[in-house]
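Raw query06.pdb, PDB, C-alpha atoms, pLDDT in the B column:
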ATOM      1  CA  MET Y  77    -165.495-148.475  -1.276  1.00 97.00           C
ATOM      2  CA  GLN Y  78    -164.297-151.920  -2.231  1.00 97.00           C
ATOM      3  CA  GLN Y  79    -161.510-150.388  -4.311  1.00 98.00           C
ATOM      4  CA  ALA Y  80    -160.411-148.242  -1.356  1.00 98.00           C
ATOM      5  CA  LEU Y  81    -160.352-151.386   0.792  1.00 98.00           C
ATOM      6  CA  ASP Y  82    -158.224-153.101  -1.858  1.00 97.00           C
ATOM      7  CA  GLN Y  83    -155.782-150.173  -1.693  1.00 96.00           C
ATOM      8  CA  ALA Y  84    -155.698-150.466   2.100  1.00 97.00           C
ATOM      9  CA  ARG Y  85    -155.106-154.214   1.943  1.00 97.00           C
ATOM     10  CA  GLU Y  86    -152.114-153.675  -0.378  1.00 95.00           C
ATOM     11  CA  THR Y  87    -150.778-151.076   2.019  1.00 93.00           C
ATOM     12  CA  LEU Y  88    -151.188-153.436   4.975  1.00 95.00           C
ATOM     13  CA  GLU Y  89    -149.294-156.156   3.084  1.00 94.00           C
ATOM     14  CA  GLN Y  90    -146.419-153.650   2.757  1.00 90.00           C
ATOM     15  CA  GLY Y  91    -146.453-153.107   6.521  1.00 88.00           C
ATOM     16  CA  GLU Y  92    -148.064-149.678   6.281  1.00 90.00           C
ATOM     17  CA  PHE Y  93    -151.075-148.210   8.073  1.00 92.00           C
ATOM     18  CA  PRO Y  94    -154.044-149.619   6.065  1.00 96.00           C
ATOM     19  CA  VAL Y  95    -155.659-146.503   4.660  1.00 97.00           C
ATOM     20  CA  GLY Y  96    -156.850-146.496   1.077  1.00 97.00           C
ATOM     21  CA  CYS Y  97    -158.594-143.745  -0.833  1.00 98.00           C
ATOM     22  CA  VAL Y  98    -160.449-143.691  -4.140  1.00 98.00           C
ATOM     23  CA  MET Y  99    -161.835-140.616  -5.866  1.00 98.00           C
ATOM     24  CA  GLU Y 100    -164.812-141.172  -8.150  1.00 98.00           C
ATOM     25  CA  TYR Y 101    -166.193-138.769 -10.751  1.00 97.00           C
ATOM     26  CA  GLN Y 102    -169.130-139.481 -13.040  1.00 96.00           C
ATOM     27  CA  GLY Y 103    -169.074-143.177 -12.223  1.00 96.00           C
ATOM     28  CA  ARG Y 104    -165.367-143.785 -12.759  1.00 96.00           C
ATOM     29  CA  VAL Y 105    -162.237-143.768 -10.632  1.00 97.00           C
ATOM     30  CA  VAL Y 106    -160.136-140.669 -11.335  1.00 97.00           C
ATOM     31  CA  ALA Y 107    -157.520-141.045  -8.574  1.00 97.00           C
ATOM     32  CA  THR Y 108    -156.359-143.456  -5.895  1.00 97.00           C
ATOM     33  CA  GLY Y 109    -154.042-143.244  -2.947  1.00 96.00           C
ATOM     34  CA  LYS Y 110    -152.760-145.365  -0.147  1.00 93.00           C
ATOM     35  CA  ARG Y 111    -150.891-144.465   3.000  1.00 88.00           C
ATOM     36  CA  ARG Y 112    -147.133-144.490   2.701  1.00 79.00           C
ATOM     37  CA  ASN Y 113    -144.066-143.299   4.485  1.00 69.00           C
ATOM     38  CA  SER Y 114    -141.910-142.045   1.633  1.00 51.00           C
ATOM     39  CA  SER Y 115    -139.165-140.959   3.992  1.00 52.00           C
ATOM     40  CA  GLY Y 116    -138.834-144.454   5.438  1.00 60.00           C
ATOM     41  CA  ARG Y 117    -140.183-143.340   8.780  1.00 64.00           C
ATOM     42  CA  PRO Y 118    -143.681-142.432   9.915  1.00 63.00           C
ATOM     43  CA  ASN Y 119    -144.799-138.994   8.829  1.00 70.00           C
ATOM     44  CA  GLU Y 120    -148.091-137.198   8.769  1.00 79.00           C
ATOM     45  CA  LEU Y 121    -148.005-135.873   5.204  1.00 82.00           C
ATOM     46  CA  ASP Y 122    -148.347-138.934   2.985  1.00 87.00           C
ATOM     47  CA  HIS Y 123    -151.940-139.763   3.854  1.00 94.00           C
ATOM     48  CA  ALA Y 124    -153.976-141.680   1.291  1.00 96.00           C
ATOM     49  CA  GLU Y 125    -156.308-138.735   0.671  1.00 97.00           C
ATOM     50  CA  MET Y 126    -153.401-136.356   0.051  1.00 96.00           C
ATOM     51  CA  ILE Y 127    -151.763-138.762  -2.382  1.00 95.00           C
ATOM     52  CA  ALA Y 128    -155.025-139.301  -4.286  1.00 97.00           C
ATOM     53  CA  LEU Y 129    -155.728-135.568  -4.409  1.00 97.00           C
ATOM     54  CA  ARG Y 130    -152.229-134.853  -5.739  1.00 96.00           C
ATOM     55  CA  GLN Y 131    -152.753-137.541  -8.374  1.00 96.00           C
ATOM     56  CA  LEU Y 132    -156.062-136.001  -9.435  1.00 97.00           C
ATOM     57  CA  LEU Y 133    -154.666-132.473  -9.550  1.00 95.00           C
ATOM     58  CA  ASP Y 134    -151.646-133.642 -11.572  1.00 95.00           C
ATOM     59  CA  THR Y 135    -153.825-134.987 -14.392  1.00 91.00           C
ATOM     60  CA  ASP Y 136    -154.820-132.948 -17.411  1.00 85.00           C
ATOM     61  CA  GLU Y 137    -158.418-134.021 -16.943  1.00 84.00           C
ATOM     62  CA  THR Y 138    -160.950-131.351 -16.049  1.00 90.00           C
ATOM     63  CA  VAL Y 139    -163.360-132.432 -13.324  1.00 95.00           C
ATOM     64  CA  ASP Y 140    -165.996-130.607 -11.337  1.00 96.00           C
ATOM     65  CA  MET Y 141    -164.504-131.097  -7.876  1.00 96.00           C
ATOM     66  CA  GLY Y 142    -167.908-130.558  -6.287  1.00 96.00           C
ATOM     67  CA  ARG Y 143    -169.092-133.752  -8.008  1.00 97.00           C
ATOM     68  CA  VAL Y 144    -166.123-135.896  -6.937  1.00 98.00           C
ATOM     69  CA  THR Y 145    -166.844-138.450  -4.232  1.00 98.00           C
ATOM     70  CA  VAL Y 146    -163.983-139.520  -1.995  1.00 98.00           C
ATOM     71  CA  TYR Y 147    -164.043-143.034  -0.489  1.00 98.00           C
ATOM     72  CA  CYS Y 148    -161.649-143.666   2.422  1.00 98.00           C
ATOM     73  CA  THR Y 149    -161.138-146.695   4.630  1.00 98.00           C
ATOM     74  CA  LEU Y 150    -160.573-144.437   7.651  1.00 98.00           C
ATOM     75  CA  GLU Y 151    -162.347-141.209   8.514  1.00 98.00           C
ATOM     76  CA  PRO Y 152    -160.199-138.368   7.159  1.00 97.00           C
ATOM     77  CA  CYS Y 153    -158.111-136.519   9.706  1.00 96.00           C
ATOM     78  CA  LEU Y 154    -158.489-132.771  10.117  1.00 95.00           C
ATOM     79  CA  MET Y 155    -155.647-132.076   7.648  1.00 95.00           C
ATOM     80  CA  CYS Y 156    -157.132-134.285   4.933  1.00 96.00           C
ATOM     81  CA  PHE Y 157    -160.725-133.203   5.519  1.00 96.00           C
ATOM     82  CA  SER Y 158    -159.754-129.527   5.337  1.00 94.00           C
ATOM     83  CA  THR Y 159    -157.597-130.031   2.266  1.00 96.00           C
ATOM     84  CA  LEU Y 160    -160.377-131.864   0.458  1.00 97.00           C
ATOM     85  CA  LEU Y 161    -162.809-129.045   1.285  1.00 96.00           C
ATOM     86  CA  VAL Y 162    -160.443-126.259   0.230  1.00 94.00           C
ATOM     87  CA  ASN Y 163    -159.983-128.072  -3.092  1.00 95.00           C
ATOM     88  CA  GLY Y 164    -163.729-128.124  -3.693  1.00 95.00           C
ATOM     89  CA  ILE Y 165    -164.629-131.690  -2.757  1.00 97.00           C
ATOM     90  CA  ARG Y 166    -167.963-131.905  -0.967  1.00 96.00           C
ATOM     91  CA  ASN Y 167    -168.805-135.648  -0.868  1.00 98.00           C
ATOM     92  CA  ILE Y 168    -166.836-137.854   1.512  1.00 98.00           C
ATOM     93  CA  VAL Y 169    -167.564-141.474   2.377  1.00 98.00           C
ATOM     94  CA  TYR Y 170    -165.538-143.451   4.896  1.00 98.00           C
ATOM     95  CA  SER Y 171    -165.582-146.926   6.421  1.00 98.00           C
ATOM     96  CA  TYR Y 172    -164.085-146.790   9.896  1.00 98.00           C
ATOM     97  CA  GLU Y 173    -164.331-143.888  12.315  1.00 97.00           C
ATOM     98  CA  ASP Y 174    -161.085-142.429  13.604  1.00 96.00           C
ATOM     99  CA  ALA Y 175    -161.832-142.214  17.320  1.00 94.00           C
ATOM    100  CA  MET Y 176    -158.611-140.330  17.918  1.00 94.00           C
ATOM    101  CA  GLY Y 177    -158.044-138.030  14.944  1.00 92.00           C
ATOM    102  CA  GLY Y 178    -161.096-137.936  12.706  1.00 95.00           C
ATOM    103  CA  GLY Y 179    -161.812-134.476  11.379  1.00 95.00           C
ATOM    104  CA  THR Y 180    -165.222-134.777   9.756  1.00 95.00           C
ATOM    105  CA  ALA Y 181    -167.087-133.507  12.823  1.00 93.00           C
ATOM    106  CA  LEU Y 182    -165.514-130.092  12.334  1.00 92.00           C
ATOM    107  CA  ASP Y 183    -168.300-127.537  12.797  1.00 91.00           C
ATOM    108  CA  LEU Y 184    -167.950-125.431   9.659  1.00 92.00           C
ATOM    109  CA  ALA Y 185    -170.638-123.036  10.899  1.00 91.00           C
ATOM    110  CA  ARG Y 186    -168.229-121.809  13.591  1.00 91.00           C
ATOM    111  CA  LEU Y 187    -165.502-120.939  11.095  1.00 89.00           C
ATOM    112  CA  THR Y 188    -165.060-117.897   8.880  1.00 90.00           C
ATOM    113  CA  PRO Y 189    -167.540-117.171   6.046  1.00 90.00           C
ATOM    114  CA  LEU Y 190    -165.568-119.029   3.358  1.00 86.00           C
ATOM    115  CA  TYR Y 191    -166.083-122.307   5.204  1.00 88.00           C
ATOM    116  CA  GLN Y 192    -169.538-121.569   6.620  1.00 88.00           C
ATOM    117  CA  GLU Y 193    -171.002-121.579   3.108  1.00 86.00           C
ATOM    118  CA  MET Y 194    -169.788-125.082   2.239  1.00 91.00           C
ATOM    119  CA  ASP Y 195    -172.447-127.744   1.806  1.00 92.00           C
ATOM    120  CA  VAL Y 196    -170.595-130.948   2.684  1.00 95.00           C
ATOM    121  CA  VAL Y 197    -172.017-134.477   2.760  1.00 96.00           C
ATOM    122  CA  VAL Y 198    -170.120-136.961   4.937  1.00 97.00           C
ATOM    123  CA  THR Y 199    -171.219-140.595   5.173  1.00 98.00           C
ATOM    124  CA  GLY Y 200    -169.526-142.941   7.628  1.00 98.00           C
ATOM    125  CA  GLY Y 201    -169.669-146.645   8.361  1.00 97.00           C
ATOM    126  CA  VAL Y 202    -169.748-147.927   4.769  1.00 98.00           C
ATOM    127  CA  MET Y 203    -168.219-151.428   4.775  1.00 98.00           C
ATOM    128  CA  ARG Y 204    -167.022-150.677   8.309  1.00 97.00           C
ATOM    129  CA  SER Y 205    -166.391-154.277   9.383  1.00 96.00           C
ATOM    130  CA  GLN Y 206    -164.046-154.927   6.446  1.00 97.00           C
ATOM    131  CA  SER Y 207    -162.024-151.827   7.248  1.00 97.00           C
ATOM    132  CA  LEU Y 208    -162.027-152.564  10.981  1.00 97.00           C
ATOM    133  CA  GLU Y 209    -160.529-155.989  10.300  1.00 96.00           C
ATOM    134  CA  LEU Y 210    -157.592-154.428   8.419  1.00 97.00           C
ATOM    135  CA  PHE Y 211    -156.876-152.041  11.290  1.00 96.00           C
ATOM    136  CA  ARG Y 212    -157.189-154.829  13.860  1.00 96.00           C
ATOM    137  CA  ILE Y 213    -154.606-156.853  11.911  1.00 96.00           C
ATOM    138  CA  PHE Y 214    -152.300-153.838  11.720  1.00 96.00           C
ATOM    139  CA  PHE Y 215    -152.457-153.024  15.426  1.00 95.00           C
ATOM    140  CA  ALA Y 216    -152.156-156.694  16.447  1.00 95.00           C
ATOM    141  CA  THR Y 217    -149.066-157.318  14.288  1.00 94.00           C
ATOM    142  CA  PRO Y 218    -145.801-157.271  16.254  1.00 92.00           C
ATOM    143  CA  GLY Y 219    -143.395-154.697  14.885  1.00 87.00           C
ATOM    144  CA  ASN Y 220    -146.071-152.263  13.705  1.00 86.00           C
ATOM    145  CA  ASP Y 221    -145.293-149.498  16.145  1.00 86.00           C
ATOM    146  CA  TYR Y 222    -147.140-146.696  14.356  1.00 86.00           C
ATOM    147  CA  LEU Y 223    -149.817-145.380  16.741  1.00 89.00           C
ATOM    148  CA  ARG Y 224    -149.308-148.387  19.046  1.00 89.00           C
ATOM    149  CA  GLY Y 225    -150.827-147.740  22.463  1.00 92.00           C
ATOM    150  CA  THR Y 226    -152.873-144.758  21.284  1.00 94.00           C
ATOM    151  CA  LEU Y 227    -156.586-144.232  21.715  1.00 95.00           C
ATOM    152  CA  LEU Y 228    -157.178-145.371  18.119  1.00 95.00           C
ATOM    153  CA  ALA Y 229    -155.198-148.584  18.606  1.00 95.00           C
ATOM    154  CA  GLU Y 230    -156.934-149.462  21.869  1.00 95.00           C
ATOM    155  CA  TYR Y 231    -160.371-148.533  20.496  1.00 96.00           C
ATOM    156  CA  THR Y 232    -159.756-150.672  17.415  1.00 96.00           C
ATOM    157  CA  LEU Y 233    -158.488-153.718  19.278  1.00 95.00           C
ATOM    158  CA  ASP Y 234    -161.509-153.542  21.602  1.00 94.00           C
ATOM    159  CA  GLN Y 235    -163.976-153.614  18.694  1.00 85.00           C
ATOM    160  CA  LEU Y 236    -165.830-156.778  17.782  1.00 68.00           C
ATOM    161  CA  VAL Y 237    -165.522-157.727  14.133  1.00 61.00           C
ATOM    162  CA  GLU Y 238    -168.893-158.645  12.638  1.00 59.00           C
TER     163      GLU Y 238
END

Could you render the structure from this file as structure tokens?
Amino acid sequence: MQQALDQARETLEQGEFPVGCVMEYQGRVVATGKRRNSSGRPNELDHAEMIALRQLLDTDETVDMGRVTVYCTLEPCLMCFSTLLVNGIRNIVYSYEDAMGGGTALDLARLTPLYQEMDVVVTGGVMRSQSLELFRIFFATPGNDYLRGTLLAEYTLDQLVE
């Protein structure tokens, strides 16, 4: 998780939303990603998880996706969570809960059979205070208008940092 936090810190220093993602397989990092707005304006495609997954899929390395663990500084949104699952990833660890858009509470049992059969392990709150601090800095910084005034921003700014 520390490496994902390092990715998020770099992203924050670039003025971006501080989400970092690291994918680990057999004890080593096989892909990383950090939030970015490649178009120069906020978009909802270049999430850290999506960038890391693209990086992993673009390598020639063969990995058992069911044994990959994804570490994210923010709970994956519904798009990222679903994409990770469809690509075979079953182990997800995150630091800070996304009170507004987190997707990991999706009840797979209520979906169609393909998804009902998935055995997914999600662990939240790992190094939460370190991640929370990055998001507090982001939302408190003048000029960072992304998600300003939203439930996530207000929830984050109301949190006590340990």

Give one line per residue of range 123-183 of chain Y that approaches range 202-222 of chain Y to at most 6 Å, naming the two atoms of the closest pair and their distance in Å to one decimal, counting all atoms listed in the file; sort by chain then ascending residue number and deliver it as a tab-separated table.
residue	atom	partner	partner_atom	distance
Y:Thr149	CA	Y:Ser207	CA	5.8
Y:Ser171	CA	Y:Arg204	CA	4.4
Y:Tyr172	CA	Y:Arg204	CA	5.1

Any idea what the distance is between CA of Lys110 in chain Y and CA of Leu160 in chain Y?
-> 15.5 Å

Given the file above and the PyMOL selection byres ((chain Y and resi 165) around 7), which residues are selected, and can you give them as a list of chain:residue names?
->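 Those residues are Y:Met141, Y:Gly142, Y:Val144, Y:Leu160, Y:Leu161, Y:Asn163, Y:Gly164, Y:Arg166, Y:Asn167.
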
Name the closest residue to Tyr191 in chain Y among the candidates Y:Glu173, Y:Val105, Y:Gly91, Y:Val162; distances are taken between atoms, counting only C-alpha atoms.
-> Y:Val162

Measuring atom to atom with all atoms listed in the file, identify which of Y:Ser158, Y:Thr145, Y:Gln192, Y:Thr226 is nearest to Arg104 in chain Y.
->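 Counting all atoms listed in the file, the residue closest to Arg104 in chain Y is Y:Thr145.
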
Target residues per the PyMOL selection byres ((chain Y and resi 183) around 12), formatted as number ranges by chain | Y: 154, 157-158, 179-182, 184-188, 191-196

Take the selection from the previous step and output its residues with C-alpha atoms, as a short mmCIF file (atom, residue, chain, number, x, y, z; two decimals), in the frame of the given file.
data_model
loop_
_atom_site.label_atom_id
_atom_site.label_comp_id
_atom_site.auth_asym_id
_atom_site.auth_seq_id
_atom_site.Cartn_x
_atom_site.Cartn_y
_atom_site.Cartn_z
CA LEU Y 154 -158.49 -132.77 10.12
CA PHE Y 157 -160.72 -133.20 5.52
CA SER Y 158 -159.75 -129.53 5.34
CA GLY Y 179 -161.81 -134.48 11.38
CA THR Y 180 -165.22 -134.78 9.76
CA ALA Y 181 -167.09 -133.51 12.82
CA LEU Y 182 -165.51 -130.09 12.33
CA LEU Y 184 -167.95 -125.43 9.66
CA ALA Y 185 -170.64 -123.04 10.90
CA ARG Y 186 -168.23 -121.81 13.59
CA LEU Y 187 -165.50 -120.94 11.10
CA THR Y 188 -165.06 -117.90 8.88
CA TYR Y 191 -166.08 -122.31 5.20
CA GLN Y 192 -169.54 -121.57 6.62
CA GLU Y 193 -171.00 -121.58 3.11
CA MET Y 194 -169.79 -125.08 2.24
CA ASP Y 195 -172.45 -127.74 1.81
CA VAL Y 196 -170.60 -130.95 2.68
#

Using CA of Thr87 in chain Y and CA of Tyr170 in chain Y as the two end points, give the distance in Å to one decimal.
-> 16.9 Å

Can you tell me how far CA of Thr108 in chain Y sits from CA of Leu233 in chain Y, in Å to one decimal?
-> 27.3 Å

Do you know which residues are at most 9 Å from Gln131 in chain Y counting all atoms listed in the file, after dropping those on the same chain fewer than 3 positions away, and could you put them as a PyMOL selection string?
-> chain Y and resi 106-109+126-128+134-135

Closest to Val197 in chain Y among Y:Asn119, Y:Val146, Y:Cys153, Y:Ala80, using all atoms listed in the file?
->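 Nearest candidate to Val197 in chain Y out of Y:Asn119, Y:Val146, Y:Cys153, Y:Ala80: Y:Val146.
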
Hey, what's within 10 Å of Leu227 in chain Y if we count only C-alpha atoms and toss same-chain stuff fewer than 3 positions away? As a PyMOL selection string, please?
-> chain Y and resi 174-177+223-224+230-233

Which residue of Y:Arg130, Y:Arg112, Y:His123, Y:Gly201 approaches Leu88 in chain Y most closely, using all atoms listed in the file =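 Closest candidate: Y:Arg112.
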
Mind giving me the axis-aligned box for range 144-150 of chain Y with 4 Å on every side, centre plus edges in Å to one decimal, as JSON?
{"center_x": -163.7, "center_y": -141.3, "center_z": 0.4, "size_x": 14.3, "size_y": 18.8, "size_z": 22.6}

Translate the PyMOL selection byres ((chain Y and resi 84) around 6), as applied to the file shown, into an explicit residue set as an mmCIF file with C-alpha atoms, in the coordinates of the input.
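Printed below is part_26.cif as written:
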data_model
loop_
_atom_site.group_PDB
_atom_site.id
_atom_site.type_symbol
_atom_site.label_atom_id
_atom_site.label_comp_id
_atom_site.auth_asym_id
_atom_site.auth_seq_id
_atom_site.Cartn_x
_atom_site.Cartn_y
_atom_site.Cartn_z
ATOM 1 C CA LEU Y 81 -160.352 -151.386 0.792
ATOM 2 C CA ASP Y 82 -158.224 -153.101 -1.858
ATOM 3 C CA GLN Y 83 -155.782 -150.173 -1.693
ATOM 4 C CA ARG Y 85 -155.106 -154.214 1.943
ATOM 5 C CA GLU Y 86 -152.114 -153.675 -0.378
ATOM 6 C CA THR Y 87 -150.778 -151.076 2.019
ATOM 7 C CA PRO Y 94 -154.044 -149.619 6.065
ATOM 8 C CA VAL Y 95 -155.659 -146.503 4.660
ATOM 9 C CA GLY Y 96 -156.850 -146.496 1.077
#

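Nearest to Val169 in chain Y of all the residues Y:Met155, Y:Val198, Y:Val98, Y:Leu133 is Y:Val198, counting all atoms listed in the file.
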
Which is closest to Val139 in chain Y among Y:Glu100, Y:Gln235, Y:Pro189, Y:Glu89, if we use all atoms listed in the file?
->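 Ranked by minimum distance to Val139 in chain Y, first place goes to Y:Glu100.
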